[in-house]
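Structure file work05.cif (mmCIF, C-alpha atoms) is printed below.
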```
data_data
#
loop_
_atom_site.label_atom_id
_atom_site.label_comp_id
_atom_site.auth_asym_id
_atom_site.auth_seq_id
_atom_site.Cartn_x
_atom_site.Cartn_y
_atom_site.Cartn_z
CA MET A 1491 22.18 9.81 18.80
CA LYS A 1492 23.98 9.84 22.11
CA ASP A 1493 27.19 8.09 23.03
CA THR A 1494 26.78 4.35 23.71
CA ASN A 1495 28.45 4.54 27.13
CA THR A 1496 26.06 7.31 28.17
CA LEU A 1497 23.15 5.19 26.99
CA ILE A 1498 24.43 2.18 28.98
CA LYS A 1499 24.69 4.36 32.08
CA GLN A 1500 21.13 5.65 31.55
CA LEU A 1501 19.73 2.17 31.05
CA ALA A 1502 21.56 0.81 34.09
CA ASP A 1503 20.23 3.69 36.21
CA ASP A 1504 16.74 2.85 34.96
CA ALA A 1505 17.10 -0.84 35.87
CA LYS A 1506 14.22 -1.32 38.27
CA PRO A 1507 13.49 -4.90 39.37
CA VAL A 1508 11.32 -6.68 36.82
CA LYS A 1509 9.57 -10.00 37.11
CA CYS A 1510 9.79 -12.48 34.27
CA GLN A 1511 6.20 -12.90 33.13
CA CYS A 1512 5.34 -16.56 33.04
CA PRO A 1513 3.34 -17.26 29.86
CA TRP A 1514 1.48 -20.11 31.54
CA THR A 1515 -0.03 -17.78 34.15
CA ARG A 1516 -1.14 -15.29 31.49
CA LEU A 1517 -2.46 -18.12 29.37
CA THR A 1518 -4.43 -19.62 32.25
CA TYR A 1519 -6.14 -16.27 32.95
CA TRP A 1520 -6.99 -15.88 29.30
CA LEU A 1521 -8.34 -19.43 29.01
CA VAL A 1522 -10.54 -18.92 32.07
CA GLY A 1523 -11.87 -15.71 30.49
CA MET A 1524 -12.43 -17.48 27.18
CA ALA A 1525 -14.31 -20.29 28.93
CA LEU A 1526 -16.55 -17.69 30.58
CA VAL A 1527 -17.24 -15.98 27.24
CA VAL A 1528 -18.05 -19.31 25.56
CA THR A 1529 -20.37 -20.29 28.43
CA ALA A 1530 -22.03 -16.86 28.47
CA SER A 1531 -22.57 -16.95 24.71
CA MET A 1532 -24.28 -20.34 24.97
CA VAL A 1533 -26.41 -19.19 27.90
CA PHE A 1534 -27.51 -15.91 26.28
CA ILE A 1535 -27.93 -17.08 22.70
CA GLY A 1536 -29.06 -20.59 23.62
CA ILE A 1537 -27.69 -24.03 22.83
CA ARG A 1538 -29.16 -25.86 19.83
CA GLY A 1539 -32.15 -28.06 20.66
CA ASP A 1540 -30.70 -31.30 19.33
CA VAL A 1541 -27.48 -31.09 21.32
CA HIS A 1542 -28.11 -34.44 23.09
CA ASN A 1543 -28.48 -36.27 19.77
CA LYS A 1544 -25.49 -34.49 18.30
CA MET A 1545 -23.33 -35.54 21.25
CA GLU A 1546 -23.79 -39.10 20.14
CA GLU A 1547 -22.26 -38.38 16.74
CA SER A 1548 -18.55 -39.11 16.81
CA LEU A 1549 -17.86 -36.82 13.84
CA PHE A 1550 -19.47 -33.87 15.60
CA ILE A 1551 -17.58 -34.54 18.83
CA LEU A 1552 -14.30 -34.88 16.91
CA GLU A 1553 -15.03 -31.59 15.15
CA LEU A 1554 -15.65 -29.82 18.47
CA LEU A 1555 -12.54 -31.33 20.05
CA SER A 1556 -10.40 -30.30 17.06
CA ALA A 1557 -11.73 -26.74 17.33
CA LEU A 1558 -10.97 -26.68 21.06
CA ALA A 1559 -7.47 -28.08 20.50
CA THR A 1560 -6.85 -25.52 17.74
CA GLY A 1561 -7.90 -22.70 20.07
CA LEU A 1562 -5.80 -23.97 22.96
CA LEU A 1563 -2.66 -24.67 20.94
CA ALA A 1564 -2.95 -21.42 18.96
CA ALA A 1565 -3.19 -19.51 22.26
CA ILE A 1566 -0.08 -21.32 23.54
CA ALA A 1567 1.74 -20.54 20.27
CA ALA A 1568 0.72 -16.86 20.50
CA GLU A 1569 2.05 -16.68 24.06
CA TRP A 1570 5.32 -18.36 23.08
CA LEU A 1571 5.66 -16.03 20.09
CA SER A 1572 5.36 -13.06 22.40
CA THR A 1573 8.92 -13.59 23.66
CA PRO A 1574 11.80 -12.66 21.33
CA ASP A 1575 13.29 -16.16 21.18
CA ILE A 1576 9.93 -18.05 21.28
CA ARG A 1577 11.26 -19.51 24.58
CA GLN A 1578 13.68 -21.47 22.40
CA GLN A 1579 10.89 -23.91 21.55
CA ARG A 1580 10.11 -23.12 17.95
CA PHE A 1581 8.14 -26.33 17.44
CA VAL A 1582 5.30 -24.80 19.50
CA ILE A 1583 4.25 -22.60 16.58
CA TRP A 1584 3.49 -25.71 14.49
CA LEU A 1585 1.27 -27.33 17.12
CA PRO A 1586 -2.05 -25.66 16.12
CA VAL A 1587 -1.54 -26.82 12.54
CA VAL A 1588 -2.26 -30.42 13.61
CA PRO A 1589 -5.79 -29.96 15.06
CA LEU A 1590 -6.59 -27.34 12.42
CA SER A 1591 -5.74 -29.86 9.71
CA ILE A 1592 -7.86 -32.50 11.46
CA LEU A 1593 -10.75 -30.02 11.62
CA ALA A 1594 -10.34 -29.20 7.93
CA PHE A 1595 -10.17 -32.90 7.09
CA LEU A 1596 -13.35 -33.65 9.09
CA ILE A 1597 -15.22 -30.85 7.33
CA ILE A 1598 -14.07 -31.94 3.90
CA TYR A 1599 -14.95 -35.54 4.78
CA GLN A 1600 -18.48 -34.51 5.78
CA TRP A 1601 -18.80 -32.47 2.61
CA VAL A 1602 -17.88 -35.55 0.57
CA ILE A 1603 -20.14 -38.04 2.38
CA GLN A 1604 -23.18 -35.91 3.24
CA PRO A 1605 -25.93 -34.97 0.80
CA ILE A 1606 -26.16 -31.20 0.34
CA HIS A 1607 -29.19 -29.49 1.87
CA GLN A 1608 -30.44 -26.01 1.25
CA ALA A 1609 -29.34 -23.79 4.12
CA GLU A 1610 -31.77 -21.22 5.56
CA SER A 1611 -30.66 -17.81 4.40
CA GLU A 1612 -31.41 -15.90 7.63
CA MET A 1613 -28.94 -18.05 9.54
CA TYR A 1614 -26.06 -16.86 7.41
CA THR A 1615 -25.33 -13.46 8.87
CA LEU A 1616 -26.39 -14.53 12.35
CA CYS A 1617 -23.76 -17.28 12.48
CA LEU A 1618 -21.06 -14.96 11.21
CA MET A 1619 -22.14 -12.32 13.72
CA ASP A 1620 -22.07 -14.85 16.57
CA LEU A 1621 -18.60 -15.98 15.56
CA VAL A 1622 -17.25 -12.42 15.45
CA LEU A 1623 -18.99 -11.29 18.63
CA ILE A 1624 -17.85 -14.29 20.65
CA ALA A 1625 -14.26 -13.89 19.46
CA ALA A 1626 -14.04 -10.08 19.73
CA LEU A 1627 -13.53 -9.60 23.47
CA PRO A 1628 -11.10 -12.54 23.97
CA ALA A 1629 -9.11 -11.44 20.92
CA ALA A 1630 -8.89 -7.87 22.19
CA THR A 1631 -7.82 -9.12 25.63
CA LEU A 1632 -5.18 -11.41 24.15
CA PHE A 1633 -3.86 -8.55 22.00
CA PHE A 1634 -3.67 -6.36 25.08
CA LEU A 1635 -1.71 -9.04 26.96
CA LEU A 1636 0.61 -9.75 24.05
CA LYS A 1637 1.27 -6.06 23.46
CA LYS A 1638 3.10 -5.98 26.81
CA ALA A 1639 5.58 -8.57 25.61
CA ALA A 1640 8.25 -8.25 22.93
CA SER A 1641 7.63 -10.37 19.89
CA THR A 1642 9.94 -10.66 16.93
CA SER A 1643 7.18 -12.28 14.80
CA HIS A 1644 4.22 -9.87 15.04
CA ARG A 1645 2.28 -11.20 12.08
CA LEU A 1646 2.43 -14.83 13.10
CA MET A 1647 1.65 -13.93 16.70
CA SER A 1648 -1.42 -11.89 15.78
CA TRP A 1649 -2.59 -14.66 13.45
CA MET A 1650 -2.25 -17.18 16.27
CA ALA A 1651 -4.05 -14.88 18.71
CA LEU A 1652 -6.97 -14.39 16.32
CA LEU A 1653 -7.05 -18.06 15.38
CA ALA A 1654 -7.20 -18.99 19.07
CA SER A 1655 -10.15 -16.67 19.73
CA LEU A 1656 -11.99 -17.66 16.55
CA ALA A 1657 -11.45 -21.39 17.08
CA PHE A 1658 -13.13 -21.15 20.50
CA ALA A 1659 -15.84 -19.04 18.91
CA TYR A 1660 -16.24 -21.73 16.22
CA PHE A 1661 -16.67 -24.32 18.97
CA SER A 1662 -19.31 -22.18 20.63
CA SER A 1663 -21.13 -21.31 17.40
CA ARG A 1664 -21.37 -24.97 16.41
CA LEU A 1665 -23.13 -25.67 19.70
CA ILE A 1666 -25.47 -22.72 19.11
CA CYS A 1667 -26.30 -23.00 15.42
CA PRO A 1668 -28.73 -25.84 14.60
CA ASN A 1669 -27.84 -25.83 10.92
CA ASP A 1670 -25.61 -28.81 10.10
CA ASP A 1671 -25.67 -28.34 6.36
CA ILE A 1672 -22.01 -28.79 5.54
CA GLU A 1673 -21.99 -25.97 2.97
CA HIS A 1674 -23.33 -23.68 5.66
CA VAL A 1675 -20.68 -24.88 8.15
CA ILE A 1676 -17.93 -24.28 5.62
CA LEU A 1677 -19.16 -20.90 4.39
CA TRP A 1678 -20.37 -19.33 7.64
CA HIS A 1679 -18.31 -21.01 10.36
CA PHE A 1680 -15.08 -22.57 9.11
CA LEU A 1681 -14.01 -20.21 6.31
CA PRO A 1682 -14.76 -17.02 8.30
CA MET A 1683 -12.54 -18.39 11.06
CA LEU A 1684 -9.65 -18.76 8.59
CA VAL A 1685 -10.32 -15.62 6.56
CA ILE A 1686 -10.87 -13.26 9.50
CA SER A 1687 -7.80 -14.55 11.34
CA SER A 1688 -5.65 -14.20 8.22
CA ILE A 1689 -6.84 -10.70 7.31
CA GLY A 1690 -6.80 -9.61 10.94
CA ALA A 1691 -3.22 -10.81 11.26
CA ALA A 1692 -2.05 -8.06 8.92
CA VAL A 1693 -3.84 -5.41 10.97
CA GLY A 1694 -2.78 -7.04 14.21
CA SER A 1695 0.84 -7.10 13.23
CA VAL A 1696 0.80 -3.31 13.02
CA LEU A 1697 -0.83 -3.05 16.46
CA LEU A 1698 1.58 -5.52 18.03
CA LYS A 1699 4.70 -4.07 16.48
CA TRP A 1700 7.33 -3.55 19.08
CA LYS A 1701 8.82 -0.09 18.75
CA ILE A 1702 11.96 1.25 20.39
CA ARG A 1703 11.24 3.79 23.12
CA ARG A 1704 14.06 6.30 23.29
CA MET B 1320 20.80 -10.92 33.42
CA ARG B 1321 19.12 -12.52 36.41
CA ARG B 1322 20.78 -9.94 38.67
CA ALA B 1323 19.76 -7.20 36.24
CA GLN B 1324 16.14 -8.36 36.51
CA GLU B 1325 16.47 -8.10 40.28
CA GLY B 1326 17.50 -4.45 39.88
CA ASP B 1327 21.31 -4.78 40.31
CA LYS B 1328 22.46 -1.70 38.40
CA LEU B 1329 26.18 -2.53 38.43
CA ALA B 1330 25.63 -6.03 37.11
CA TYR B 1331 23.30 -4.66 34.46
CA ALA B 1332 25.80 -2.00 33.34
CA ALA B 1333 28.53 -4.65 33.09
CA LEU B 1334 26.24 -6.91 31.08
CA LEU B 1335 25.25 -4.08 28.72
CA LYS B 1336 28.92 -3.22 28.17
CA ASP B 1337 29.75 -6.84 27.35
CA VAL B 1338 26.76 -7.09 25.05
CA ALA B 1339 27.67 -3.81 23.31
CA SER B 1340 31.21 -4.91 22.57
CA MET B 1341 30.03 -8.34 21.41
CA LEU B 1342 27.48 -6.73 19.08
CA ARG B 1343 30.02 -4.21 17.80
CA ARG B 1344 32.37 -7.02 16.82
CA SER B 1345 29.59 -8.95 15.20
CA PHE B 1346 28.17 -6.04 13.16
CA ALA B 1347 31.50 -4.47 12.23
CA ALA B 1348 31.93 -7.23 9.67
CA LYS B 1349 28.46 -6.61 8.21
CA LEU B 1350 28.29 -2.81 8.17
CA SER B 1351 30.98 -0.56 6.79
CA ALA B 1352 30.14 2.74 8.52
CA LYS B 1353 31.15 2.90 12.17
CA HIS B 1354 28.27 5.21 13.11
CA ASP B 1355 25.80 2.73 11.57
CA VAL B 1356 27.21 0.00 13.81
CA GLU B 1357 26.86 2.27 16.86
CA ASP B 1358 23.27 3.20 15.90
CA LEU B 1359 22.36 -0.44 15.58
CA VAL B 1360 24.10 -1.43 18.82
CA GLN B 1361 22.18 1.31 20.65
CA ASP B 1362 18.88 0.17 19.12
CA ILE B 1363 19.57 -3.37 20.30
CA LEU B 1364 20.53 -2.24 23.80
CA LEU B 1365 17.32 -0.21 24.06
CA SER B 1366 15.28 -3.15 22.81
CA MET B 1367 16.98 -5.49 25.24
CA HIS B 1368 16.19 -3.07 28.05
CA GLN B 1369 12.54 -2.83 27.03
CA ALA B 1370 12.22 -6.60 26.71
CA ARG B 1371 14.16 -7.64 29.80
CA HIS B 1372 10.99 -8.83 31.52
CA THR B 1373 10.55 -11.46 28.78
CA TYR B 1374 13.85 -13.18 29.55
CA ASP B 1375 13.40 -16.48 31.35
CA THR B 1376 16.38 -16.97 33.67
CA GLU B 1377 16.08 -20.74 33.38
CA ARG B 1378 16.97 -20.55 29.69
CA PRO B 1379 20.24 -19.56 28.00
CA PHE B 1380 20.76 -15.83 27.55
CA LYS B 1381 22.47 -15.68 24.16
CA PRO B 1382 19.63 -17.08 22.00
CA TRP B 1383 17.31 -14.53 23.59
CA LEU B 1384 19.75 -11.70 22.89
CA TYR B 1385 20.49 -12.86 19.34
CA SER B 1386 16.78 -13.00 18.52
CA ILE B 1387 16.46 -9.34 19.51
CA ALA B 1388 19.66 -8.43 17.68
CA SER B 1389 18.64 -10.22 14.51
CA HIS B 1390 15.16 -8.61 14.65
CA ARG B 1391 16.65 -5.14 14.97
CA PHE B 1392 19.22 -5.85 12.26
CA LYS B 1393 16.39 -6.78 9.87
CA ASP B 1394 14.57 -3.57 10.84
CA TYR B 1395 17.75 -1.64 10.15
CA LEU B 1396 18.19 -3.27 6.72
CA ARG B 1397 14.55 -2.50 5.89
CA LYS B 1398 15.17 1.14 6.80
CA ILE B 1399 18.29 1.27 4.63
CA TYR B 1400 16.51 -0.23 1.61
CA ARG B 1401 13.56 2.12 2.07
CA LEU B 1402 15.99 5.04 2.11
CA LYS B 1403 17.71 3.75 -1.02
CA ASP B 1404 14.35 3.47 -2.80
CA ARG B 1405 13.59 7.05 -1.81
CA GLU B 1406 17.00 8.12 -3.11
CA VAL B 1407 16.28 6.53 -6.49
CA ALA B 1408 12.94 8.34 -6.62
CA MET B 1409 14.61 11.61 -5.68
CA ASP B 1410 17.38 11.14 -8.23
CA SER B 1411 14.85 10.66 -11.00
CA ASP B 1412 13.11 13.80 -9.72
CA HIS B 1413 16.36 15.70 -9.97
CA SER B 1414 17.24 14.45 -13.42
CA ASP B 1415 15.83 17.60 -15.07
CA PHE B 1416 17.91 19.78 -12.84
CA LEU B 1417 21.03 17.70 -13.28
CA THR B 1418 20.87 17.91 -17.05
CA PHE B 1419 19.95 21.58 -17.08
CA SER B 1420 22.75 23.75 -18.43
CA VAL B 1421 23.31 26.98 -16.55
CA THR B 1422 25.32 28.62 -19.33
CA GLU B 1423 23.77 27.56 -22.64
CA ASP B 1424 20.56 29.51 -22.39
CA GLU B 1425 21.21 33.25 -22.73
CA GLY B 1426 18.15 34.23 -20.82
CA SER B 1427 19.05 32.20 -17.77
CA SER B 1428 21.60 32.85 -15.06
CA GLU B 1429 25.24 32.61 -15.90
CA SER B 1430 26.48 30.71 -12.88
CA ILE B 1431 25.32 28.43 -10.12
CA GLU B 1432 25.90 31.28 -7.63
CA ASP B 1433 23.28 33.38 -9.43
CA ILE B 1434 20.82 30.52 -9.33
CA LEU B 1435 21.37 30.08 -5.63
CA VAL B 1436 20.60 33.71 -4.71
CA GLY B 1437 17.98 33.78 -1.98
CA ILE B 1438 18.50 30.13 -1.00
CA PRO B 1439 19.31 29.68 2.71
CA GLU B 1440 23.01 29.37 3.46
CA ARG B 1441 22.92 25.72 4.56
CA GLN B 1442 21.01 24.55 1.49
CA ARG B 1443 23.25 26.62 -0.77
CA GLN B 1444 26.31 25.02 0.84
CA ILE B 1445 24.91 21.50 0.30
CA VAL B 1446 24.06 22.08 -3.36
CA THR B 1447 27.40 23.72 -4.08
CA LEU B 1448 29.29 20.87 -2.47
CA MET B 1449 27.26 18.25 -4.31
CA LYS B 1450 26.83 19.78 -7.73
CA VAL B 1451 29.85 22.07 -8.11
CA GLU B 1452 32.52 20.30 -6.12
CA GLY B 1453 31.18 16.83 -6.86
CA TYR B 1454 30.91 15.46 -3.32
CA SER B 1455 28.52 12.60 -2.63
CA ALA B 1456 25.64 13.05 -0.19
CA LYS B 1457 27.49 10.86 2.29
CA GLU B 1458 30.62 12.99 2.09
CA VAL B 1459 28.64 16.20 2.44
CA ALA B 1460 26.86 14.76 5.46
CA LYS B 1461 30.19 13.96 7.07
CA LYS B 1462 31.60 17.39 6.20
CA LEU B 1463 28.63 19.31 7.61
CA GLY B 1464 27.95 16.98 10.53
CA MET B 1465 24.49 16.09 9.26
CA LYS B 1466 22.69 12.84 8.55
CA GLU B 1467 22.95 11.59 4.99
CA SER B 1468 19.18 11.47 4.66
CA ALA B 1469 18.90 15.09 5.89
CA VAL B 1470 21.42 16.20 3.26
CA LYS B 1471 19.44 14.46 0.53
CA VAL B 1472 16.15 15.94 1.67
CA SER B 1473 17.67 19.40 1.87
CA ALA B 1474 19.24 19.07 -1.61
CA HIS B 1475 15.95 17.80 -2.99
CA ARG B 1476 14.06 20.82 -1.59
CA THR B 1477 16.63 23.20 -3.03
CA TYR B 1478 16.38 21.58 -6.48
CA ARG B 1479 12.63 21.97 -6.32
CA LYS B 1480 12.91 25.63 -5.39
CA ILE B 1481 15.36 26.30 -8.22
CA GLN B 1482 13.25 24.38 -10.70
CA LYS B 1483 10.15 26.39 -9.77
CA ARG B 1484 12.09 29.62 -10.01
CA MET B 1485 13.38 28.72 -13.46
CA GLU B 1486 9.97 27.67 -14.67
CA GLY B 1487 8.65 31.03 -13.45
CA SER B 1488 11.29 33.12 -15.18
#
```
Please, can you express the file's structure as C-alpha cells?
Amino acid sequence: MKDTNTLIKQLADDAKPVKCQCPWTRLTYWLVGMALVVTASMVFIGIRGDVHNKMEESLFILELLSALATGLLAAIAAEWLSTPDIRQQRFVIWLPVVPLSILAFLIIYQWVIQPIHQAESEMYTLCLMDLVLIAALPAATLFFLLKKAASTSHRLMSWMALLASLAFAYFSSRLICPNDDIEHVILWHFLPMLVISSIGAAVGSVLLKWKIRR
Amino acid sequence: MRRAQEGDKLAYAALLKDVASMLRRSFAAKLSAKHDVEDLVQDILLSMHQARHTYDTERPFKPWLYSIASHRFKDYLRKIYRLKDREVAMDSDHSDFLTFSVTEDEGSSESIEDILVGIPERQRQIVTLMKVEGYSAKEVAKKLGMKESAVKVSAHRTYRKIQKRMEGS
C-alpha cells in the first residue's frame, strides 16, 4: 500500500473531465429499447385473438397497467440505486412495491372469484420461454448500463433491474398468451416473474459488484 | 467536486486531502491500528475517484461521500471477520502442533531448532518468534514488516511441513 499523499497526487493527475450521467437519459434510452422489444415480441409471436374483447375487461386492463407500472418504477429504482447515495431519494426504491402489490392483489382476487379451468399443458413451457426470452435482452442491457455506475446496494439493484425487465415481459406475455386460466397465469406468468427476478438478483449482485481498481 | 468533475486537478487534490483528513478523524475512533485507518481511507479515495461521474452537482456532496465511505467500511469489516474466521480454522489446524512436546518423546528431535532444519529462513524466523518467544502474529508482522495475514499463512505452512515431517519419521 502506497502513501496516501502519493495516492492523492496520482488521483488528481488522473482527474480527466467527467460528465455526470443523468439517470433519466439512460432510463429513457432503455425504456425506448424495452418498448421496441415488447412490440417486436408481439409482432413476431402474435397477439392473442381475443384482444379486443379482453380490452373491455377492466380487471385485465388493470392487470396490464399494474405490470407496466411495476416495470417502469422498478427501472427507475434500479437507476437510482446505481448511484452510491441513491440520489438522496431513498423512497424511490419502495415505489415498485405499490403496483406489484396491486398486481398480486388482482391475481389473487381473480383466483378467488373465477372458476378454475384446466390449462393446456403445451402452453406451460411456451409461456415461460416467452417471458424469459422477452426479458433477456433488456435485462442484459440494463445490467450493462448499471455496471458503469457505482452502486452500494448491488443485490437490490439487480433485483430491481430484473423485475423491471420481467414485468414488461409479463405485460407482453399476457397480450400474447390466450390462456386466462388463473392458475396458469399464476404458475407460468406471475410466479416466474418473481422467482426469476429473486434468484437472478443473487447472481446479478455478483456481476454488478463494484470493485476497487488500484 | 464540481470543479474536479470539470478536470481541475488542483481543486481535486485539495478536495481529496480534505476528504482524507475528515475520514481519518472519523475512522480513528472506530479502528485501533493506524495502518488499517490508512488502508480504509485509501480504499475510499479510490472508490470516490472511480465513482466521481455518479455525483450530481445539484445535490449535497457529503451524503454521497458518506454512502461510499460506509459501503467501503462494511466491506472492510467483512474482510476482517472473514480473516478472523480463517484464523480460527487455522488455529484448530495447528492445535496438534501446539500441544506436541518436542522433548518428551525420545525418538523425536530435542529442540525446536532441530525441527526447523531445512525450513526457509523467513518461515523459521516467524515460527521461532511466535512459538518460542511468544509473540503474537500481529507483533511478528510489525517486527518483520509483513502483513498479519501473510505471517499467519506462512506460520500455517511451516506447521504443516513440520507435521508431515514428524508423521514421516
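As for CA of Phe1392 (chain B) and CA of Ile1363 (chain B), they are spaced 8.4 Å apart.
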Chain A residues within 8 Å of chain B, counting only C-alpha atoms: which ones, as a compact mmCIF listing (two decimals) with C-alpha atoms, in the coordinates of the input?
```txt
# COMPACT_ATOMS: atom_id res chain seq x y z
CA MET A 1491 22.18 9.81 18.80
CA THR A 1494 26.78 4.35 23.71
CA ASN A 1495 28.45 4.54 27.13
CA LEU A 1497 23.15 5.19 26.99
CA ILE A 1498 24.43 2.18 28.98
CA LYS A 1499 24.69 4.36 32.08
CA LEU A 1501 19.73 2.17 31.05
CA ALA A 1502 21.56 0.81 34.09
CA ASP A 1503 20.23 3.69 36.21
CA ALA A 1505 17.10 -0.84 35.87
CA LYS A 1506 14.22 -1.32 38.27
CA PRO A 1507 13.49 -4.90 39.37
CA VAL A 1508 11.32 -6.68 36.82
CA LYS A 1509 9.57 -10.00 37.11
CA CYS A 1510 9.79 -12.48 34.27
CA GLN A 1511 6.20 -12.90 33.13
CA THR A 1573 8.92 -13.59 23.66
CA PRO A 1574 11.80 -12.66 21.33
CA ASP A 1575 13.29 -16.16 21.18
CA ARG A 1577 11.26 -19.51 24.58
CA GLN A 1578 13.68 -21.47 22.40
CA ALA A 1639 5.58 -8.57 25.61
CA ALA A 1640 8.25 -8.25 22.93
CA THR A 1642 9.94 -10.66 16.93
CA ILE A 1702 11.96 1.25 20.39
CA ARG A 1703 11.24 3.79 23.12
CA ARG A 1704 14.06 6.30 23.29
```
Of A:Lys1637, A:His1679, A:Lys1701, A:Arg1538, the one nearest to Ala1651 (chain A) when counting only C-alpha atoms is A:Lys1637
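Applied to this file, the PyMOL selection byres ((chain B and resi 1435-1448) around 8) selects Ile1431, Glu1432, Asp1433, Ile1434, Met1449, Lys1450, Val1451, Glu1452, Gly1453, Tyr1454, Val1459, Val1470, Ser1473, Ala1474, Thr1477 and Ile1481 of chain B.
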I'd like the interatomic distance between CA of Ile1672 (chain A) and CA of Phe1534 (chain A), to a tenth of an Å. 25.0 Å
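In this model, the gap between CA of Arg1516 (chain A) and CA of Leu1593 (chain A) comes to 26.5 Å.
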Check what the PyMOL selection byres ((chain A and resi 1525) around 12) selects in the file above and give those residues as JSON, numbers by chain. {"A": [1518, 1519, 1520, 1521, 1522, 1523, 1524, 1526, 1527, 1528, 1529, 1530, 1531, 1532, 1558, 1561, 1562, 1624, 1625, 1628, 1655, 1658, 1659, 1661, 1662]}
For this structure, which residues satisfy the selection - the PyMOL selection byres ((chain A and resi 1689-1691) around 8) - when it is evaluated on the file as given? I want them as a PyMOL selection string. chain A and resi 1645-1649+1652+1685-1688+1692-1695
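Residues within 8 Å of Tyr1660 (chain A), counting all atoms listed in the file and excluding same-chain residues fewer than 3 positions away, are A:Ala1557, A:Leu1621, A:Leu1656, A:Ala1657, A:Ser1663, A:Arg1664, A:His1679, A:Phe1680, A:Met1683.
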Export C-alpha atoms of the chosen residues as a PDB file, keeping the file's coordinate frame?
```pdb
ATOM      1  CA  ALA A1557     -11.730 -26.740  17.330  1.00  0.00           C
ATOM      2  CA  LEU A1621     -18.600 -15.980  15.560  1.00  0.00           C
ATOM      3  CA  LEU A1656     -11.990 -17.660  16.550  1.00  0.00           C
ATOM      4  CA  ALA A1657     -11.450 -21.390  17.080  1.00  0.00           C
ATOM      5  CA  SER A1663     -21.130 -21.310  17.400  1.00  0.00           C
ATOM      6  CA  ARG A1664     -21.370 -24.970  16.410  1.00  0.00           C
ATOM      7  CA  HIS A1679     -18.310 -21.010  10.360  1.00  0.00           C
ATOM      8  CA  PHE A1680     -15.080 -22.570   9.110  1.00  0.00           C
ATOM      9  CA  MET A1683     -12.540 -18.390  11.060  1.00  0.00           C
TER      10      MET A1683
END
```
Determine, counting only C-alpha atoms, every residue of protein, DNA or RNA that lies within 7 Å of (-26.5, -22.7, 22.9) in the file coordinates, then give the result as JSON, numbers by chain. {"A": [1532, 1533, 1535, 1536, 1537, 1538, 1665, 1666]}
Generate the output file for the selected residues, C-alpha atoms, as a PDB file, in the coordinates of the input.
```pdb
ATOM      1  CA  MET A1532     -24.280 -20.340  24.970  1.00  0.00           C
ATOM      2  CA  VAL A1533     -26.410 -19.190  27.900  1.00  0.00           C
ATOM      3  CA  ILE A1535     -27.930 -17.080  22.700  1.00  0.00           C
ATOM      4  CA  GLY A1536     -29.060 -20.590  23.620  1.00  0.00           C
ATOM      5  CA  ILE A1537     -27.690 -24.030  22.830  1.00  0.00           C
ATOM      6  CA  ARG A1538     -29.160 -25.860  19.830  1.00  0.00           C
ATOM      7  CA  LEU A1665     -23.130 -25.670  19.700  1.00  0.00           C
ATOM      8  CA  ILE A1666     -25.470 -22.720  19.110  1.00  0.00           C
TER       9      ILE A1666
END
```
